[in-house]
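Okay, so here's the structure we're looking at.
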Amino acid sequence: VETNLKPTIRFLADTLNSHNETPDINSMLSKCVSKHPQVLALSLSNLQGKREFFDSVDGCHDDASPRQTLAARILLSSPSTYSLSLDDNIKPKFSYLQNLWGESASNFIREYPQVLTLSFEGNILPTVSFYNMTGYLDGFGYSASAIRSRYIATSLYNRLLPRWHFLLNEQEKEIELRQLNALSGEGAPTAETVRRYLIPTKSSCTQSALLPPLHLLAGANDEVFCRQLHVSLDDYTAFKEESGPRLKFNNQFAQWLKTGGTIDLSP
């Protein structure tokens, strides 16, 4: 206890008490340990190495007003990060995210530190690839700064892919309806049926593209997503249940061709 546990607790408390405010250290420490008790079993050298790394990449040192350091923010919100390998896990992920976000990487991670606990091959890489392929990274009014860390943690297979392909299907049906209405001489769609998006396709003009708002695609629940984009919740739910496994397999197969990663065949 004297040689291991107490020094570790003092180190954790010192890390959490890293700004000029007067936080309740005992409460913060209790919250940290209750989330990830294994942090108490890590060696001091292990913990120190990670705190030093987080301090070295922390952009908060340049701010005029003091705030919680990145090391403290991660320890409080996502303490399991400290159990990850620094060289084999944390540094490669940070390097990738830094290439995505540039000098603001530490600020994006501070917003949602759990992003560092995601699997690189299974979550981060395919999700960022999705945003890149759909135009959210560079084009149509979006840039990498729009991809918040929470949006990288959004489920690719249970949310992003089903929603994107459902909207594509709805858009194709609406275009067909417009063409039929034009041939039959019927009027244009009412304001209630006009979509708030125009997804670029091979047959559409990309200059007039209007991507679905990212906060709805990645952040909203199904009810809000459907209501705000004027689509049927029942139709979307049915589409998701029917097409979800196929979309997941197709995406993982494409990733396998590029990286050789494993394909998850579970439903």
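Going through the structure tokens in order, the chains are called A, B, and so on, while each chain numbers its residues from 1 and the ligands are numbered from 1 in the order shown.
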
Exercise: A:His215 partners within 10 Å, only C-alpha atoms, chain neighbours under 4 positions left out, as a list in words: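 Skipping anything fewer than 4 positions along the chain leaves Ala146, Ile147, Arg148, Tyr151, Gly219, Ala220 and Phe225 of chain A.
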
Determine, counting only C-alpha atoms, which protein, DNA and RNA residues have an atom within 12 Å of an atom of A:Ser95; residues of the same chain fewer than 6 positions away are not included. Present the result as a short mmCIF file (atom, residue, chain, number, x, y, z; two decimals) with C-alpha atoms, in the first residue's frame.
data_model
loop_
_atom_site.label_atom_id
_atom_site.label_comp_id
_atom_site.auth_asym_id
_atom_site.auth_seq_id
_atom_site.Cartn_x
_atom_site.Cartn_y
_atom_site.Cartn_z
CA VAL A 57 0.50 17.54 -27.39
CA LEU A 86 1.42 4.40 -25.45
CA ASP A 87 3.62 3.42 -28.39
CA ASP A 88 1.40 0.81 -30.04
CA ASN A 89 -2.02 2.36 -29.50
CA TRP A 101 -7.53 17.88 -37.50
CA GLY A 102 -4.12 19.53 -37.61
CA GLU A 103 -3.05 21.67 -34.66
CA ALA A 105 -6.33 17.70 -32.60
CA SER A 106 -5.94 17.99 -28.82
CA LEU A 116 -8.81 7.31 -28.20
CA PHE A 120 -8.25 2.10 -35.12
#

Closest of A:Lys173, A:Arg73, A:Arg67, A:Arg227 to A:Leu12 - atom-to-atom distances counting only C-alpha atoms: A:Arg73

Distance of atom CA of A:Asp58 from atom CA of A:Asn123, expressed in Å to one decimal place: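 Separation between atom CA of A:Asn123 and atom CA of A:Asp58: 23.8 Å.
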
Residue nearest A:Cys226 - candidates A:Glu170, A:Asp55, A:Glu176, A:Glu242, atoms counted: only C-alpha atoms: A:Glu170

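The nearest approach to A:Gln68 among the residues A:Asn107, A:Thr8, A:Ser145, A:Asn26, with only C-alpha atoms taken into account, belongs to A:Asn107.
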
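Take atom CA of A:Pro113 and atom CA of A:Glu223: the distance between them is 27.1 Å.
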
In stretch 59-200 of chain A, DSSP strand (DSSP E or B) residues written as a ChimeraX atom specification: /A:138-139,142-143,198

Between atom CA of A:Ser149 and atom CA of A:Gln98 - distance in Å to one decimal: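 Separation of atom CA of A:Gln98 and atom CA of A:Ser149: 11.8 Å.
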
Spatial neighbours of A:Arg51, 6 Å, only C-alpha atoms, chain gap at least 3 places, as a list in words: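 Counting only C-alpha atoms, the residues come to Gln48, Phe54 and Ala71 of chain A.
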
Proximity to A:Thr117 - best of A:Ala153, A:Leu100, A:Ala144, A:Leu29, only C-alpha atoms: A:Ala153

Residue with smallest distance to A:Gln38 - pool A:Pro79, A:Gly122, A:Gly135, A:Gly59, counting only C-alpha atoms: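 Of all the options, A:Pro79 lies closest to A:Gln38.
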
Who sits within 12 Å of A:Arg159, only C-alpha atoms, same chain under 2 positions skipped, as an MDAnalysis selection string: chainID A and resid 127 130 151:157 161:166 216:222 225 236:237 239:241 243:244 247:248

Who sits within 10 Å of A:Asn46, only C-alpha atoms, same chain under 6 positions skipped, as a list of chain:residue names: A:Tyr82, A:Ser83, A:Leu84, A:Ser85, A:Leu86

Got time to write the residues from that selection, C-alpha atoms, as an mmCIF file, in the first residue's frame?
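Here's the written file part.cif:
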data_model
loop_
_atom_site.group_PDB
_atom_site.id
_atom_site.type_symbol
_atom_site.label_atom_id
_atom_site.label_comp_id
_atom_site.auth_asym_id
_atom_site.auth_seq_id
_atom_site.Cartn_x
_atom_site.Cartn_y
_atom_site.Cartn_z
ATOM 1 C CA TYR A 82 -4.304 5.096 -19.557
ATOM 2 C CA SER A 83 -4.360 1.294 -19.773
ATOM 3 C CA LEU A 84 -3.655 1.377 -23.511
ATOM 4 C CA SER A 85 -0.149 0.981 -24.887
ATOM 5 C CA LEU A 86 1.416 4.395 -25.446
#

Residues near A:Gln171, cut-off 8 Å, only C-alpha atoms, skip fewer than 3 positions along chain, as JSON, numbers by chain: {"A": [167, 168, 174, 175, 195, 198, 199]}

Helix (DSSP H, G or I) call set, DSSP backbone run, stretch 55-256 of chain A, as number ranges by chain: A: 55-57, 59-62, 70-77, 79-83, 86-111, 113-117, 120-133, 144-146, 149-153, 156-184, 206-208, 214-219, 222-228, 233-256

Same residues, C-alpha atoms, saved as a short mmCIF file (atom, residue, chain, number, x, y, z; two decimals), in the first residue's frame:
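Heads up, here's the output in part.cif:
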data_model
loop_
_atom_site.label_atom_id
_atom_site.label_comp_id
_atom_site.auth_asym_id
_atom_site.auth_seq_id
_atom_site.Cartn_x
_atom_site.Cartn_y
_atom_site.Cartn_z
CA ASP A 55 1.10 17.31 -21.88
CA SER A 56 3.40 17.47 -24.91
CA VAL A 57 0.50 17.54 -27.39
CA GLY A 59 -2.96 22.82 -26.99
CA CYS A 60 -4.40 24.35 -23.83
CA HIS A 61 -1.01 25.73 -22.83
CA ASP A 62 -1.43 28.36 -25.53
CA LEU A 70 -5.69 17.17 -21.68
CA ALA A 71 -4.11 14.58 -19.35
CA ALA A 72 -6.62 15.45 -16.61
CA ARG A 73 -9.56 15.55 -19.01
CA ILE A 74 -8.73 12.06 -20.33
CA LEU A 75 -8.13 10.69 -16.84
CA LEU A 76 -11.51 11.94 -15.63
CA SER A 77 -13.66 11.19 -18.68
CA PRO A 79 -9.49 6.68 -17.63
CA SER A 80 -9.28 3.37 -19.51
CA THR A 81 -7.15 5.26 -22.06
CA TYR A 82 -4.30 5.10 -19.56
CA SER A 83 -4.36 1.29 -19.77
CA LEU A 86 1.42 4.40 -25.45
CA ASP A 87 3.62 3.42 -28.39
CA ASP A 88 1.40 0.81 -30.04
CA ASN A 89 -2.02 2.36 -29.50
CA ILE A 90 -2.25 5.95 -28.26
CA LYS A 91 0.51 7.54 -30.35
CA PRO A 92 -0.56 5.99 -33.71
CA LYS A 93 -4.17 7.06 -33.12
CA PHE A 94 -3.16 10.58 -32.13
CA SER A 95 -0.89 10.86 -35.18
CA TYR A 96 -3.76 9.86 -37.46
CA LEU A 97 -6.18 12.27 -35.80
CA GLN A 98 -3.59 15.02 -35.95
CA ASN A 99 -3.33 14.50 -39.71
CA LEU A 100 -7.12 14.86 -39.81
CA TRP A 101 -7.53 17.88 -37.50
CA GLY A 102 -4.12 19.53 -37.61
CA GLU A 103 -3.05 21.67 -34.66
CA SER A 104 -6.57 21.48 -33.19
CA ALA A 105 -6.33 17.70 -32.60
CA SER A 106 -5.94 17.99 -28.82
CA ASN A 107 -9.00 20.27 -28.61
CA PHE A 108 -11.13 17.81 -30.56
CA ILE A 109 -9.94 14.95 -28.36
CA ARG A 110 -10.68 17.01 -25.26
CA GLU A 111 -14.32 17.28 -26.37
CA PRO A 113 -11.62 11.68 -25.01
CA GLN A 114 -13.25 8.27 -25.54
CA VAL A 115 -12.27 8.56 -29.20
CA LEU A 116 -8.81 7.31 -28.20
CA THR A 117 -10.29 4.05 -26.91
CA PHE A 120 -8.25 2.10 -35.12
CA GLU A 121 -8.87 -0.57 -37.77
CA GLY A 122 -12.42 -1.39 -36.67
CA ASN A 123 -13.83 2.07 -35.92
CA ILE A 124 -11.71 5.14 -36.59
CA LEU A 125 -10.35 4.29 -40.03
CA PRO A 126 -13.59 3.03 -41.66
CA THR A 127 -15.68 5.83 -40.14
CA VAL A 128 -13.33 8.58 -41.32
CA SER A 129 -13.22 6.84 -44.71
CA PHE A 130 -17.02 7.06 -44.82
CA TYR A 131 -16.94 10.80 -44.17
CA ASN A 132 -14.27 11.19 -46.82
CA MET A 133 -16.12 9.20 -49.49
CA ALA A 144 -12.39 18.13 -41.41
CA SER A 145 -13.25 20.57 -38.62
CA ALA A 146 -16.90 19.51 -38.97
CA SER A 149 -14.68 13.37 -32.18
CA ARG A 150 -18.18 12.21 -31.18
CA TYR A 151 -19.03 11.76 -34.85
CA ILE A 152 -16.07 9.40 -35.25
CA ALA A 153 -17.49 7.37 -32.37
CA LEU A 156 -20.86 3.19 -38.85
CA TYR A 157 -22.94 0.06 -39.33
CA ASN A 158 -25.93 0.84 -37.11
CA ARG A 159 -26.32 4.51 -37.95
CA LEU A 160 -24.22 6.14 -40.68
CA LEU A 161 -24.45 3.56 -43.46
CA PRO A 162 -28.17 2.75 -43.04
CA ARG A 163 -29.11 6.43 -42.89
CA TRP A 164 -26.98 7.42 -45.87
CA HIS A 165 -28.28 4.64 -48.12
CA PHE A 166 -31.86 5.14 -46.99
CA LEU A 167 -31.63 8.81 -47.95
CA LEU A 168 -30.16 7.82 -51.29
CA ASN A 169 -33.10 5.50 -51.90
CA GLU A 170 -35.59 8.19 -50.89
CA GLN A 171 -33.89 10.67 -53.18
CA GLU A 172 -34.02 8.28 -56.13
CA LYS A 173 -37.74 7.64 -55.53
CA GLU A 174 -38.41 11.37 -55.37
CA ILE A 175 -36.54 12.00 -58.62
CA GLU A 176 -38.56 9.27 -60.33
CA LEU A 177 -41.77 10.82 -58.98
CA ARG A 178 -40.79 14.24 -60.29
CA GLN A 179 -40.12 12.76 -63.72
CA LEU A 180 -43.51 11.02 -63.74
CA ASN A 181 -45.24 14.22 -62.62
CA ALA A 182 -43.52 16.16 -65.38
CA LEU A 183 -44.66 13.64 -67.99
CA SER A 184 -48.23 13.66 -66.69
CA THR A 206 -22.35 17.77 -57.81
CA GLN A 207 -22.34 21.59 -57.92
CA SER A 208 -25.90 21.68 -56.59
CA LEU A 214 -24.02 16.18 -40.26
CA HIS A 215 -25.51 16.77 -36.82
CA LEU A 216 -28.63 14.90 -38.00
CA LEU A 217 -26.85 12.13 -39.86
CA ALA A 218 -24.38 11.35 -37.08
CA GLY A 219 -25.73 12.88 -33.90
CA ASP A 222 -33.79 8.03 -35.33
CA GLU A 223 -36.96 9.96 -34.53
CA VAL A 224 -35.32 13.39 -34.83
CA PHE A 225 -33.34 12.31 -37.91
CA CYS A 226 -36.50 11.23 -39.76
CA ARG A 227 -38.62 14.16 -38.63
CA GLN A 228 -36.07 16.80 -39.58
CA LEU A 233 -39.56 6.60 -39.32
CA ASP A 234 -41.37 3.32 -40.04
CA ASP A 235 -39.88 3.12 -43.52
CA TYR A 236 -36.41 3.86 -42.20
CA THR A 237 -36.69 1.28 -39.42
CA ALA A 238 -37.76 -1.39 -41.91
CA PHE A 239 -34.95 -0.44 -44.29
CA LYS A 240 -32.37 -0.56 -41.50
CA GLU A 241 -33.46 -4.01 -40.36
CA GLU A 242 -33.52 -5.40 -43.90
CA SER A 243 -30.42 -3.74 -45.35
CA GLY A 244 -28.18 -3.28 -42.31
CA PRO A 245 -26.36 -6.65 -42.47
CA ARG A 246 -25.79 -6.34 -46.22
CA LEU A 247 -24.42 -2.79 -45.93
CA LYS A 248 -22.13 -3.87 -43.11
CA PHE A 249 -20.74 -6.81 -45.10
CA ASN A 250 -20.26 -4.75 -48.27
CA ASN A 251 -18.37 -2.06 -46.37
CA GLN A 252 -16.19 -4.53 -44.49
CA PHE A 253 -15.48 -6.42 -47.70
CA ALA A 254 -14.29 -3.20 -49.34
CA GLN A 255 -12.06 -2.53 -46.33
CA TRP A 256 -10.74 -6.10 -46.51
#

All residues 12 Å or closer to A:Leu44, only C-alpha atoms, same chain fewer than 3 positions away omitted, as a count of residues only: 20
